[in-house]
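Peer 1: Input file: query_32.txt. Contents: compact mmCIF, C-alpha atoms and all ligand atoms.
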```txt
# COMPACT_ATOMS: atom_id res chain seq x y z
CA MET N 17 -0.64 19.02 21.93
CA HIS N 18 -2.50 17.61 18.93
CA SER N 19 -5.36 20.08 18.75
CA ALA N 20 -4.17 21.47 15.42
CA MET N 21 -4.40 17.99 13.96
CA GLU N 22 -8.16 18.07 14.38
CA GLN N 23 -8.19 20.03 11.16
CA ARG N 24 -8.25 16.98 8.93
CA CYS N 25 -7.11 17.36 5.35
CA LEU N 26 -7.99 15.19 2.35
CA TYR N 27 -4.60 13.45 2.56
CA ASP N 28 -5.55 12.25 6.05
CA TYR N 29 -8.19 9.90 4.61
CA ASN N 30 -7.61 6.45 3.18
CA LEU N 31 -9.83 5.17 0.36
CA THR N 32 -12.31 3.54 2.75
CA GLU N 33 -12.64 6.76 4.73
CA LEU N 34 -13.06 8.87 1.60
CA THR N 35 -15.77 6.47 0.45
CA GLU N 36 -17.52 6.95 3.81
CA LEU N 37 -17.18 10.71 3.61
CA LEU N 38 -18.64 10.89 0.12
CA ARG N 39 -21.37 8.40 0.93
CA GLY N 40 -22.47 10.74 3.69
CA TRP N 41 -22.91 13.35 0.97
CA GLY N 42 -24.96 10.94 -1.15
CA GLU N 43 -22.16 10.19 -3.62
CA PRO N 44 -21.56 6.71 -5.08
CA ALA N 45 -18.37 4.78 -4.29
CA PHE N 46 -16.86 5.32 -7.73
CA ARG N 47 -16.67 9.05 -6.99
CA ALA N 48 -14.40 8.30 -4.02
CA ARG N 49 -12.15 6.25 -6.29
CA GLN N 50 -12.01 9.15 -8.76
CA LEU N 51 -11.13 11.52 -5.95
CA TYR N 52 -8.46 9.12 -4.66
CA ARG N 53 -6.90 8.97 -8.13
CA GLN N 54 -6.93 12.74 -8.34
CA LEU N 55 -5.09 12.94 -5.02
CA TYR N 56 -2.50 10.19 -5.48
CA VAL N 57 -2.08 9.70 -9.25
CA ASN N 58 -2.98 13.01 -10.89
CA LEU N 59 -1.61 15.00 -7.92
CA ALA N 60 -4.29 17.66 -8.32
CA ALA N 61 -3.29 20.92 -6.65
CA SER N 62 -6.86 21.87 -5.73
CA ALA N 63 -10.39 20.48 -5.78
CA GLY N 64 -11.09 22.83 -8.69
CA GLN N 65 -8.61 20.88 -10.83
CA MET N 66 -10.49 17.61 -10.39
CA THR N 67 -12.49 18.17 -13.54
CA ASP N 68 -13.82 14.63 -13.77
CA LEU N 69 -15.85 15.31 -10.63
CA PRO N 70 -19.18 17.17 -10.76
CA ALA N 71 -18.92 20.88 -9.97
CA ALA N 72 -21.11 20.58 -6.87
CA LEU N 73 -18.86 17.90 -5.41
CA ARG N 74 -15.75 19.93 -6.21
CA ALA N 75 -17.24 22.88 -4.39
CA ARG N 76 -17.96 20.75 -1.36
CA LEU N 77 -14.46 19.24 -1.38
CA ALA N 78 -12.94 22.70 -1.61
CA GLU N 79 -14.21 23.33 1.92
CA ILE N 80 -11.81 20.69 3.27
CA PRO N 81 -8.11 21.58 3.04
CA LEU N 82 -6.35 19.38 0.51
CA SER N 83 -3.26 19.46 2.67
CA THR N 84 -2.49 21.31 5.89
CA LEU N 85 1.13 21.88 4.83
CA ARG N 86 1.68 25.40 3.58
CA LEU N 87 4.74 25.63 1.38
CA GLU N 88 6.72 28.57 2.64
CA ARG N 89 9.92 28.28 0.66
CA VAL N 90 12.01 25.95 -1.46
CA GLN N 91 15.80 26.11 -1.28
CA ILE N 92 17.79 24.74 -4.17
CA GLY N 93 21.24 23.17 -4.04
CA ASP N 94 23.49 20.82 -6.02
CA GLU N 95 22.67 22.69 -9.25
CA GLY N 96 18.97 22.13 -8.89
CA LEU N 97 19.18 18.44 -8.07
CA THR N 98 18.55 18.87 -4.32
CA ARG N 99 15.49 20.80 -3.16
CA LYS N 100 14.46 21.46 0.39
CA ALA N 101 10.89 22.51 1.11
CA LEU N 102 9.90 24.28 4.28
CA PHE N 103 6.26 23.87 5.24
CA ARG N 104 4.32 25.71 7.89
CA LEU N 105 1.62 23.83 9.76
CA PRO N 106 -1.67 25.41 10.88
CA ASP N 107 -0.35 25.78 14.44
CA GLY N 108 2.79 27.60 13.28
CA ALA N 109 5.28 24.71 13.57
CA VAL N 110 7.53 24.07 10.58
CA VAL N 111 8.71 20.87 8.94
CA GLU N 112 11.14 20.23 6.13
CA THR N 113 11.24 17.77 3.25
CA VAL N 114 14.19 17.12 0.94
CA LEU N 115 14.05 15.89 -2.67
CA MET N 116 17.21 14.49 -4.22
CA VAL N 117 17.31 13.77 -7.95
CA TYR N 118 19.87 11.30 -9.36
CA PRO N 119 20.22 10.09 -12.95
CA ASP N 120 18.45 6.82 -12.23
CA ARG N 121 16.21 7.63 -9.28
CA SER N 122 14.65 10.32 -7.15
CA THR N 123 14.61 10.08 -3.38
CA VAL N 124 12.44 12.07 -1.01
CA CYS N 125 13.42 12.45 2.64
CA VAL N 126 10.27 12.88 4.73
CA SER N 127 9.68 14.20 8.26
CA THR N 128 7.42 12.39 10.73
CA GLN N 129 7.35 14.91 13.58
CA ALA N 130 7.77 18.67 13.96
CA GLY N 131 10.98 18.75 15.97
CA CYS N 132 12.07 15.65 17.88
CA GLY N 133 12.11 14.74 21.55
CA MET N 134 15.05 12.33 21.44
CA GLY N 135 17.72 14.94 22.09
CA CYS N 136 20.66 13.45 20.16
CA VAL N 137 23.44 15.98 20.72
CA PHE N 138 24.73 15.98 17.13
CA CYS N 139 21.37 16.67 15.47
CA ALA N 140 19.83 20.05 14.63
CA THR N 141 16.28 18.70 14.88
CA GLY N 142 17.05 17.34 18.33
CA GLN N 143 17.86 20.85 19.54
CA LEU N 144 14.28 21.93 18.79
CA GLY N 145 12.66 19.42 21.13
CA LEU N 146 9.36 17.83 20.14
CA LEU N 147 6.77 20.31 18.90
CA ARG N 148 4.23 17.70 17.82
CA ASN N 149 3.55 14.54 15.87
CA LEU N 150 2.56 14.93 12.23
CA SER N 151 -0.73 13.48 11.06
CA SER N 152 -0.65 10.74 8.42
CA GLY N 153 -1.83 13.31 5.86
CA GLU N 154 0.99 15.68 6.75
CA ILE N 155 3.48 12.86 6.20
CA VAL N 156 1.85 11.72 2.94
CA ALA N 157 1.58 15.27 1.57
CA GLN N 158 5.38 15.66 1.71
CA ALA N 159 5.78 12.81 -0.79
CA ILE N 160 3.05 14.36 -2.94
CA TRP N 161 4.95 17.67 -2.94
CA ALA N 162 8.09 15.84 -4.12
CA SER N 163 6.16 14.26 -7.01
CA GLN N 164 4.67 17.58 -7.99
CA GLU N 165 8.10 19.19 -7.81
CA LEU N 166 9.52 16.54 -10.15
CA ARG N 167 6.75 17.36 -12.62
CA VAL N 168 7.54 21.06 -12.44
CA MET N 169 11.23 20.28 -12.97
CA GLY N 170 10.33 18.17 -15.98
CA ALA N 171 12.63 15.43 -14.72
CA ALA N 172 12.70 12.67 -17.31
CA GLY N 173 13.15 8.90 -17.22
CA PRO N 174 13.16 6.91 -13.98
CA ALA N 175 14.08 10.06 -12.04
CA GLY N 176 10.80 11.65 -13.16
CA ARG N 177 8.88 10.05 -10.33
CA VAL N 178 9.56 9.41 -6.68
CA THR N 179 11.34 6.04 -6.74
CA ASN N 180 12.65 6.01 -3.16
CA LEU N 181 11.41 7.41 0.11
CA VAL N 182 13.36 7.62 3.34
CA PHE N 183 11.85 8.55 6.70
CA MET N 184 15.01 10.36 7.74
CA GLY N 185 13.76 13.92 8.00
CA MET N 186 12.71 15.62 11.21
CA GLY N 187 11.51 13.43 14.02
CA GLU N 188 11.58 9.85 15.24
CA PRO N 189 9.14 7.75 13.15
CA PHE N 190 8.64 5.10 15.86
CA ALA N 191 7.63 7.80 18.37
CA ASN N 192 4.68 8.52 16.04
CA TYR N 193 4.18 4.92 14.97
CA ASP N 194 0.45 4.72 14.20
CA ARG N 195 0.20 7.81 12.04
CA TRP N 196 3.52 7.07 10.40
CA TRP N 197 2.41 3.55 9.50
CA GLN N 198 -0.90 4.79 8.08
CA ALA N 199 1.17 7.04 5.82
CA VAL N 200 3.36 4.09 4.76
CA GLU N 201 0.31 2.03 3.84
CA ARG N 202 -1.28 4.85 1.90
CA LEU N 203 1.90 5.65 -0.02
CA HIS N 204 2.29 1.98 -0.83
CA ASP N 205 -1.29 1.45 -2.06
CA PRO N 206 -1.01 0.21 -5.69
CA GLN N 207 -4.30 1.95 -6.53
CA GLY N 208 -2.82 5.26 -5.44
CA PHE N 209 0.74 6.51 -5.00
CA ASN N 210 2.03 2.99 -5.63
CA LEU N 211 5.45 3.14 -4.01
CA GLY N 212 6.96 -0.30 -3.46
CA ALA N 213 7.60 -1.36 0.12
CA ARG N 214 11.22 -2.12 -0.71
CA SER N 215 11.59 1.44 -1.96
CA MET N 216 10.87 2.85 1.49
CA THR N 217 13.33 3.01 4.39
CA VAL N 218 12.64 3.99 7.97
CA SER N 219 15.44 5.14 10.23
CA THR N 220 15.06 4.86 14.00
CA VAL N 221 17.06 6.13 16.93
CA GLY N 222 16.58 2.62 18.34
CA LEU N 223 13.13 2.42 19.93
CA VAL N 224 12.92 -1.30 20.61
CA LYS N 225 9.10 -1.40 20.71
CA GLY N 226 8.98 0.10 17.24
CA ILE N 227 11.46 -2.46 15.89
CA GLU N 228 9.28 -5.22 17.32
CA ARG N 229 6.15 -3.76 15.78
CA LEU N 230 7.80 -3.34 12.40
CA ALA N 231 8.92 -6.97 12.47
CA ALA N 232 5.26 -7.98 12.71
CA GLU N 233 4.06 -5.82 9.79
CA GLN N 234 3.24 -7.37 6.43
CA LEU N 235 4.82 -4.69 4.25
CA PRO N 236 8.58 -5.33 3.95
CA ILE N 237 9.95 -1.80 4.16
CA ASN N 238 13.66 -1.36 4.93
CA LEU N 239 14.97 -0.65 8.41
CA ALA N 240 17.96 1.52 9.34
CA ILE N 241 19.10 1.82 12.95
CA SER N 242 21.11 4.77 14.24
CA LEU N 243 23.94 3.27 16.29
CA HIS N 244 26.69 5.93 16.29
CA ALA N 245 28.79 4.42 19.10
CA PRO N 246 30.20 0.99 19.94
CA ASP N 247 29.70 1.23 23.74
CA ASP N 248 26.97 2.35 26.12
CA THR N 249 28.94 5.11 27.80
CA LEU N 250 29.55 7.00 24.58
CA ARG N 251 26.16 6.16 23.07
CA SER N 252 24.35 7.48 26.16
CA GLU N 253 26.38 10.67 25.94
CA LEU N 254 25.48 11.18 22.28
CA MET N 255 21.96 9.73 22.34
CA PRO N 256 19.98 9.97 25.61
CA VAL N 257 17.64 7.21 24.36
CA ASN N 258 20.44 4.74 25.06
CA ARG N 259 19.71 5.04 28.78
CA HIS N 260 16.31 3.43 28.12
CA TYR N 261 17.37 1.03 25.39
CA PRO N 262 21.06 0.19 25.81
CA ILE N 263 23.03 -1.45 23.04
CA ALA N 264 22.53 -5.03 24.24
CA GLU N 265 18.74 -4.64 24.21
CA LEU N 266 18.84 -2.96 20.83
CA MET N 267 20.91 -5.80 19.45
CA VAL N 268 18.52 -8.45 20.77
CA ALA N 269 15.62 -6.66 19.05
CA THR N 270 17.62 -6.29 15.84
CA ARG N 271 18.59 -9.95 15.82
CA LYS N 272 14.98 -10.99 16.31
CA TYR N 273 13.92 -8.64 13.53
CA ILE N 274 16.45 -10.15 11.12
CA GLU N 275 15.56 -13.70 12.09
CA LYS N 276 11.86 -13.04 11.63
CA THR N 277 11.97 -11.04 8.41
CA ARG N 278 15.20 -12.29 6.79
CA ARG N 279 15.70 -8.68 5.73
CA ARG N 280 18.99 -6.84 5.80
CA VAL N 281 19.27 -4.04 8.36
CA SER N 282 21.49 -0.97 8.01
CA PHE N 283 23.34 0.48 10.97
CA GLU N 284 23.98 4.20 10.63
CA TYR N 285 27.12 5.58 12.19
CA VAL N 286 27.71 9.34 12.13
CA LEU N 287 31.45 10.05 12.29
CA LEU N 288 32.44 12.74 14.78
CA GLN N 289 36.06 13.79 14.83
CA GLY N 290 37.88 12.52 17.92
CA LYS N 291 34.62 11.35 19.49
CA ASN N 292 33.60 8.06 17.91
CA ASP N 293 36.01 7.74 14.96
CA HIS N 294 39.14 6.25 16.61
CA PRO N 295 40.55 3.01 15.18
CA HIS N 296 39.90 1.23 18.50
CA GLN N 297 36.24 2.25 18.22
CA ALA N 298 36.06 0.82 14.69
CA ILE N 299 37.44 -2.44 16.08
CA ALA N 300 34.94 -2.39 18.96
CA LEU N 301 32.11 -1.78 16.50
CA ALA N 302 33.25 -4.63 14.27
CA ARG N 303 33.47 -6.99 17.24
CA LEU N 304 30.06 -5.94 18.51
CA LEU N 305 28.41 -6.59 15.16
CA ARG N 306 30.21 -9.86 14.55
CA ARG N 307 29.23 -11.09 17.99
CA GLU N 308 25.62 -10.09 17.49
CA ALA N 309 25.29 -11.17 13.89
CA PRO N 310 22.94 -14.07 13.46
CA ARG N 311 24.48 -17.28 12.24
CA GLY N 312 24.49 -17.62 8.49
CA PRO N 313 24.69 -14.73 6.04
CA MET N 314 25.45 -11.34 7.56
CA LEU N 315 22.11 -9.65 7.10
CA PHE N 316 23.29 -6.16 7.96
CA HIS N 317 25.62 -3.49 6.76
CA VAL N 318 27.06 -0.29 8.16
CA ASN N 319 26.45 3.11 6.64
CA LEU N 320 29.12 5.61 7.70
CA ILE N 321 27.93 9.22 7.60
CA PRO N 322 30.48 12.02 7.93
CA TRP N 323 28.73 14.37 10.37
CA ASN N 324 27.06 17.42 8.83
CA PRO N 325 27.77 20.59 10.77
CA VAL N 326 25.14 21.85 13.19
CA PRO N 327 25.71 25.36 14.54
CA GLY N 328 26.08 25.71 18.29
CA THR N 329 27.57 22.29 18.96
CA PRO N 330 31.19 21.68 19.97
CA LEU N 331 31.37 18.68 17.62
CA GLY N 332 33.45 18.31 14.48
CA ARG N 333 33.19 16.40 11.21
CA SER N 334 35.73 13.61 10.81
CA GLU N 335 38.47 14.28 8.33
CA TRP N 336 38.26 12.19 5.21
CA GLU N 337 41.35 10.09 6.08
CA ARG N 338 39.72 9.11 9.38
CA VAL N 339 36.53 8.13 7.54
CA THR N 340 38.39 5.88 5.11
CA ALA N 341 40.56 4.41 7.90
CA PHE N 342 37.42 3.59 9.90
CA GLN N 343 35.83 2.01 6.85
CA GLN N 344 38.96 -0.03 6.14
CA ILE N 345 38.97 -1.54 9.62
CA LEU N 346 35.33 -2.60 9.31
CA THR N 347 36.05 -4.06 5.89
CA ASP N 348 39.05 -5.96 7.27
CA TYR N 349 36.75 -7.49 9.87
CA GLY N 350 34.37 -8.57 7.11
CA ILE N 351 31.67 -6.02 7.93
CA PRO N 352 29.88 -4.76 4.79
CA CYS N 353 30.24 -1.01 4.92
CA THR N 354 29.55 2.05 2.77
CA VAL N 355 30.09 5.80 3.20
CA ARG N 356 27.02 7.93 2.57
CA VAL N 357 27.62 10.77 0.17
CA GLU N 358 25.58 13.70 1.35
CA ARG N 359 23.44 16.01 -0.68
CA GLY N 360 22.36 19.53 0.13
CA VAL N 361 24.94 20.51 2.75
CA GLU N 362 25.07 24.13 1.47
CA ILE N 363 21.32 24.55 1.95
CA ALA N 364 21.35 22.72 5.33
CA ALA N 365 19.33 19.91 3.78
CA ALA N 366 21.64 17.04 4.69
CA CYS N 367 20.95 14.46 7.39
CA GLY N 368 20.56 16.01 10.81
CA GLN N 369 20.56 19.62 9.59
CA LEU N 370 16.80 20.13 9.43
CA ALA N 371 15.78 22.76 11.93
CA GLY N 372 13.46 25.04 10.02
CA GLN N 373 15.44 28.11 11.07
CA GLN N 374 15.29 29.84 7.70
CA GLY N 375 11.54 29.56 7.68
CA VAL N 376 11.17 31.18 11.06
CA MET N 377 13.23 34.11 9.80
CA VAL N 378 11.09 34.40 6.67
CA GLN N 379 7.94 34.40 8.76
CA LEU N 380 9.16 37.19 11.02
CA SER N 381 10.60 39.46 8.35
N1 LIG G 401 15.09 9.99 14.10
C1 LIG G 401 15.55 9.02 13.20
C2 LIG G 401 15.48 9.44 11.76
C3 LIG G 401 15.85 10.85 11.41
S1 LIG G 401 17.55 11.26 11.50
C4 LIG G 401 16.97 8.59 13.56
O1 LIG G 401 17.58 9.27 14.37
O2 LIG G 401 17.41 7.57 13.06
C5 LIG G 401 18.27 10.37 10.13
C6 LIG G 401 19.74 10.05 10.31
O3 LIG G 401 20.55 11.22 10.33
C7 LIG G 401 20.02 9.33 11.62
O4 LIG G 401 20.90 8.26 11.43
C8 LIG G 401 20.69 10.42 12.41
O5 LIG G 401 21.48 9.91 13.46
C9 LIG G 401 21.49 11.12 11.37
N2 LIG G 401 21.97 12.44 11.77
C10 LIG G 401 21.48 13.27 12.71
N3 LIG G 401 22.19 14.41 12.78
C11 LIG G 401 23.17 14.31 11.84
C12 LIG G 401 24.20 15.17 11.40
N4 LIG G 401 24.35 16.38 11.90
N5 LIG G 401 25.01 14.73 10.41
C13 LIG G 401 24.83 13.53 9.85
N6 LIG G 401 23.85 12.68 10.20
C14 LIG G 401 23.03 13.05 11.20
FE1 LIG G 402 15.60 12.88 16.67
FE2 LIG G 402 16.85 11.33 14.88
FE3 LIG G 402 17.72 13.83 15.41
FE4 LIG G 402 18.02 11.91 17.23
S1 LIG G 402 18.98 12.00 15.20
S2 LIG G 402 17.28 13.99 17.64
S3 LIG G 402 16.15 10.73 16.94
S4 LIG G 402 15.77 13.27 14.47
```
What does this structure look like when you write it as structure tokens?

Peer 2:
Amino acid sequence: MHSAMEQRCLYDYNLTELTELLRGWGEPAFRARQLYRQLYVNLAASAGQMTDLPAALRARLAEIPLSTLRLERVQIGDEGLTRKALFRLPDGAVVETVLMVYPDRSTVCVSTQAGCGMGCVFCATGQLGLLRNLSSGEIVAQAIWASQELRVMGAAGPAGRVTNLVFMGMGEPFANYDRWWQAVERLHDPQGFNLGARSMTVSTVGLVKGIERLAAEQLPINLAISLHAPDDTLRSELMPVNRHYPIAELMVATRKYIEKTRRRVSFEYVLLQGKNDHPHQAIALARLLRREAPRGPMLFHVNLIPWNPVPGTPLGRSEWERVTAFQQILTDYGIPCTVRVERGVEIAAACGQLAGQQGVMVQLS
């Protein structure tokens, strides 16, 4: 399944590995540091642009792909402030990345797999099934694209660089943990891309092993957990993963994570009309979280997400009154709770809408 990943690109190497590579070519270590800066700080679009490197070295580097993501199209929404890139991988699979520009920040939503094997019924990516894991370089290169795009846009002020990164694109990050974590470390590296750990958020469908591993990591990135139902019957119907990791197990792992890290966790809850948005379900959710909350400060909050339409599903988006009623109940129970305002719905760039369909059509036409 991973044969295409044998084609390593420059963004697949960390600084130590680049140093090794260049040493094999008889180059001193400082050349690797120059190359690393070109990749992660200057965002060079080709080896030819790395003019502080000797021509012979540039020529040699040009034989290795800089990135294996081929940009196929960019769709623009929200008056230019939301941009969705569709990339084709060497083996033909497609992945999508979304850049959202706000007055005070810019957030990039990154994919970790082509497709996803978790099969959540409300998610467009889930309908694709898992095509393959992305390499660390394919994950990193999406953030690089977002930075380059911001430069092209001429975005000014704090929004002129990637300030926040969410692993909420296609795929389940914890199902590709090793490569995903290599990407996190590389994007965090202060000598390179220099994105703060607290500026990164990973969202998981609830793979308990991944939550346990993340709790043991040194870098304090943020954790969001997709909950979407207050009971096992409904959660298993919506998210097949619940049959392996039911709510009680997920809650034990979450509690341990909070106790160990003292970091606040977000629970995501997609609101589906008539399915999981009844007042009695809001009460059940509030009770569940209060029961499971560790003693002391409530180190979690709930992020309500009005469902974004996915063609071919019988599901519906909750009406706004039902969203606010649900939120009010949680608030009354003392559960910190926000409603996520979506970007990019008209270009199918919002949460759960990434399916790469447009790109397939472009390729065939
Ligand atoms: N696989 C991970 C991360 C990617 S999905 C996860 O499932 O958590 C990011 C978020 O979007 C998850 O909370 C997911 O449940 C949610 N989501 C999926 N489909 C959606 C849709 N159609 N509308 C709104 N949110 C959706
Ligand atoms: Fe995969 Fe997340 Fe979509 Fe579920 S919601 S199918 S885990 S991408």

Peer 1: Of the residues N:Gln23, N:Asn319, N:Gln50, N:Gln91, which is the one nearest to ligand LIG 401 (chain G), using all atoms listed in the file?

Peer 2: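 So, comparing all the options, the nearest one is N:Asn319.
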
Peer 1: Please build the interface table for range 139-168 of chain N against range 100-106 of chain N with a cut-off of 10 Å, listing for each qualifying residue the nearest atom pair and the distance in Å to one decimal; count only C-alpha atoms, order rows by chain and increasing number, and write it as JSON lines.

Peer 2:
```
{"residue": "N:Leu150", "atom": "CA", "partner": "N:Leu105", "partner_atom": "CA", "distance": 9.3}
{"residue": "N:Glu154", "atom": "CA", "partner": "N:Leu105", "partner_atom": "CA", "distance": 8.7}
{"residue": "N:Gln158", "atom": "CA", "partner": "N:Ala101", "partner_atom": "CA", "distance": 8.8}
{"residue": "N:Trp161", "atom": "CA", "partner": "N:Ala101", "partner_atom": "CA", "distance": 8.7}
{"residue": "N:Ala162", "atom": "CA", "partner": "N:Ala101", "partner_atom": "CA", "distance": 8.9}
{"residue": "N:Glu165", "atom": "CA", "partner": "N:Ala101", "partner_atom": "CA", "distance": 9.9}
```

Peer 1: Using only C-alpha atoms, which of the listed residues (N:Cys136, N:Leu315, N:Ala48, N:Met216) sits closest to Leu250 in chain N?

Peer 2: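 Closest candidate: N:Cys136.
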
Peer 1: Taking only C-alpha atoms and all ligand atoms into account, which of N:Leu85, N:Met134, N:Met169, N:Leu59 comes nearest ligand LIG 401 (chain G)?

Peer 2: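 Closest residue, counting only C-alpha atoms and all ligand atoms: N:Met134.
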
Peer 1: Let me see if you get this right: every residue at most 8 Å from ligand LIG 402 (chain G), counting only C-alpha atoms and all ligand atoms, written as a VMD selection string.

Peer 2: chain N and resid 131 to 143 145 184 to 188 219 to 221 242 255 368

Peer 1: Let me make sure I understand: among N:Gln198, N:Tyr118, N:Glu233, N:Pro325, which one has the smallest atom-to-atom distance to Ile363 in chain N if we use all atoms listed in the file?

Peer 2: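 So, comparing all the options, the nearest one is N:Pro325.
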